[in-house]
Amino acid sequence: MAADVFSGLPQGLANALTQRGFTSLTPIQEAVLAPELAGRDLRISSRTGSGKTVALGLVIGQRLAEQVPAAPGAAASLCARPRMLLVAPTRELAAQIGKELEWLYAQLKVRVCVVTGGTSVGLERRALAQSPAVVVGTPGRLCDHMSRGALELSSAEAIVLDEADQMLDLGFREALETLLSALPENCRRHLVSATFPRSVQNLAARFQSHAELVTGSAPDEAHSDIKHVAYSVLPRERYFALVNVLLLSPDDRTLIFVRTRADVTEVASRLCDDGFRAGGLSGEMAQAERTRTLEAFRRGAITTLVCTDVASRGIDVPEVVRVIHAELPESPETLTHRSGRTGRAGRKGLSIMLVPVTAHRYAESLLRGAGIFAELLPAPMRDQVEQAREERLFEELGGDANASPETQDLAARLLERFGPEALVPALLARLLEREIRAPYALSPVSPARVHAVPTGPRRDSKARTSNGVNAVFRPRAKHAHSARHR
């Protein structure tokens with residue numbers, strides 16, 4: 001079946017997809033391969049986690065497969081002249097793209113080189129000297145190699161700007177101009193982003209020619225794998241509410257978003273003091289430390305990762321169960337990017353906003369701009385967290401009905417020696433010792449505060465704004481939260 005699905009692709013790409021476990025293409029991957037787009041500049045917009053990186057790899061991979069690659073070591077020089085250039089805003093995202101392209105192009109015998117800040121310039125120059133056909137990098141490091149004579153773009157057939165909106169926000173405009181001005185006139189120019197704000201459209205209009213917008217999903221399908229919840233909190237109790245949310249399901253892989261590097265350090269440190277397996281990720285960390293932290297998060301040694309928006313770019317961990325916006329994002333686009341770190345690869349995800357009671361209207365505007373519907377609830381109170389703990393305990397104790405004969409024999413001897421009245425409380429005490437900490441007692445949020453967000457006219461349990469986008473809070477009772485949100 002997979003062979004038929006990929007029959008229109010070059011054999012090397014089809015084989016790589018099949019070996020990777022693909023049985024079909026995602027909507028965005030199918031969209032970019034439409035015959036009418038051949039040779040066109042593309043503006044690719046699809047939700048985070050929808051397979052955009054592989055989609056890009058297929059677009060440029062078709063071109064790479066048209067020519068027989070040079071023999072290893074042939075025409076090696078000190079200056080790389082790649083056929084394809086991919087630009088990403090962060091080291092992690094560049095590394096992620098590089099890894100995806102390596103397995104996708106393995107049978108094409110195409111060399112992929114990744115160059116980013118925070119790594120050895122000497123090692124990168126040696127890699128560039130191996131004449132890679134594809135170079136992936138961050139804007140500053142790419143320009144640095146160009147200025148040193150290690151990279152030359154006159155042979156580039158296509159360039160891809162991934163997360164273009166973030167590169168503009170992060171101040172890479174000058175570096176992008178340098179890269180774009182070095183390209184040959186016939187080079188295809190592609191832009192990719194989960195969102196396409198006006199600033200990116202303006203950039204695209206300047207350097208793309210007759211570009212075609214390609215989307216992988218309809219707007220009302222963009223968040224179908226992610227449930228959005230907003231918790232109303234008192235500003236002074238935001239950290240306490242964060243802890244209670246984590247305690248609802250403390251082992252779930254979780255990303256927590258804050259605004260600044262200082263916030264990352266403070267929140268991660270407090271969570272560690274409270275017993276969580278937490279770590280932090282920010283731009284000021286050395287690359288080696290960032291790599292170790294991300295690897296620990298992927299392995300599960302760290303289950304809670306606190307990060308800034310910039311540092312989160314390139315975090316592709318399908319096991320992330322939930323995203324918590326400990327501080328509200330600055331724009332709807334940022335909300336979309338953050339939330340897209342969960343609900344990946346066909347999994348369901350949960351996106352939780354901690355909304356100060358003074359910021360209901362601002363949160364509503366963020367959700368409306370992102371086209372997201374969310375429920376507004378009071379933050380989890382102590383009794384809700386304790387109830388969730390009890391439910392986990394019931395599941396844990398009842399989950400292993402096939403105990404080994406040795407375990408059953410030990411249980412019988414313990415019961416005979418101590419009796420159930422003494423044994424059960426003792427075992428429960430041992431189990432509860434593993435709990436991270438007790439939940440915090442939060443101040444009740446009055447119904448007036450919970451209902452402070454104007455909902456507008458109702459239609460199918462949702463409010464519809466003047467532009468037709470569903471995006472409101474729907475208040476519920478204080479104790480309506482249950483284990484299904486975990």
# chains A, B, ... in the order shown; residues from 1 in each chain; ligands from 1
>>> closest_atom_pairs(of="range 97-178 of chain A", to="range 282-306 of chain A", cutoff="9 Å", atoms="only C-alpha atoms", output="CSV")
residue,atom,partner,partner_atom,distance
A:Gly117,CA,A:Gln287,CA,8.3
A:Gly118,CA,A:Gln287,CA,5.4
A:Thr119,CA,A:Gln287,CA,7.0
>>> select_by_dssp(residues="range 220-399 of chain A", states="helix (DSSP H, G or I)", output="PyMOL selection string")
chain A and resi 220-221+235-247+261-273+287-299+309-312+332-339+357-370+382-398
>>> atom_distance(atom1="CA of Lys52 in chain A", atom2="CA of Val200 in chain A")
17.3 Å
>>> residues_around(residues="Lys348 in chain A", least_positions_apart="6", cutoff="9 Å", atoms="only C-alpha atoms", output="ChimeraX atom specification")
/A:224-227,321,342
>>> write_last_selection(atoms="N, CA and C atoms", output="tab-separated table (two decimals), in the first residue's frame")
chain	number	residue	atom	x	y	z
A	224	SER	N	-7.21	20.51	15.95
A	224	SER	CA	-8.09	19.40	16.27
A	224	SER	C	-7.45	18.39	17.22
A	225	ASP	N	-6.13	18.31	17.26
A	225	ASP	CA	-5.46	17.36	18.14
A	225	ASP	C	-5.10	17.96	19.50
A	226	ILE	N	-5.44	19.22	19.72
A	226	ILE	CA	-5.05	19.89	20.96
A	226	ILE	C	-6.28	20.42	21.66
A	227	LYS	N	-6.45	20.06	22.92
A	227	LYS	CA	-7.51	20.63	23.75
A	227	LYS	C	-6.94	21.84	24.48
A	321	VAL	N	2.97	15.80	26.35
A	321	VAL	CA	1.53	15.63	26.57
A	321	VAL	C	0.84	16.98	26.71
A	342	THR	N	2.77	20.33	21.41
A	342	THR	CA	2.08	19.11	21.82
A	342	THR	C	1.10	18.73	20.71
>>> residues_around(residues="range 380-384 of chain A", least_positions_apart="2", cutoff="6 Å", atoms="only C-alpha atoms", output="short mmCIF file (atom, residue, chain, number, x, y, z; two decimals) with C-alpha atoms, in the first residue's frame")
data_model
loop_
_atom_site.label_atom_id
_atom_site.label_comp_id
_atom_site.auth_asym_id
_atom_site.auth_seq_id
_atom_site.Cartn_x
_atom_site.Cartn_y
_atom_site.Cartn_z
CA GLU A 386 -5.84 15.16 45.80
CA GLN A 387 -8.70 13.49 43.96
CA PRO A 439 -0.80 20.76 46.44
CA ALA A 441 -4.11 25.97 48.85
#
>>> closest_residue(among="A:Asp41, A:Glu100, A:Glu333, A:Asp273", to="Asn186 in chain A", atoms="only C-alpha atoms")
A:Asp41
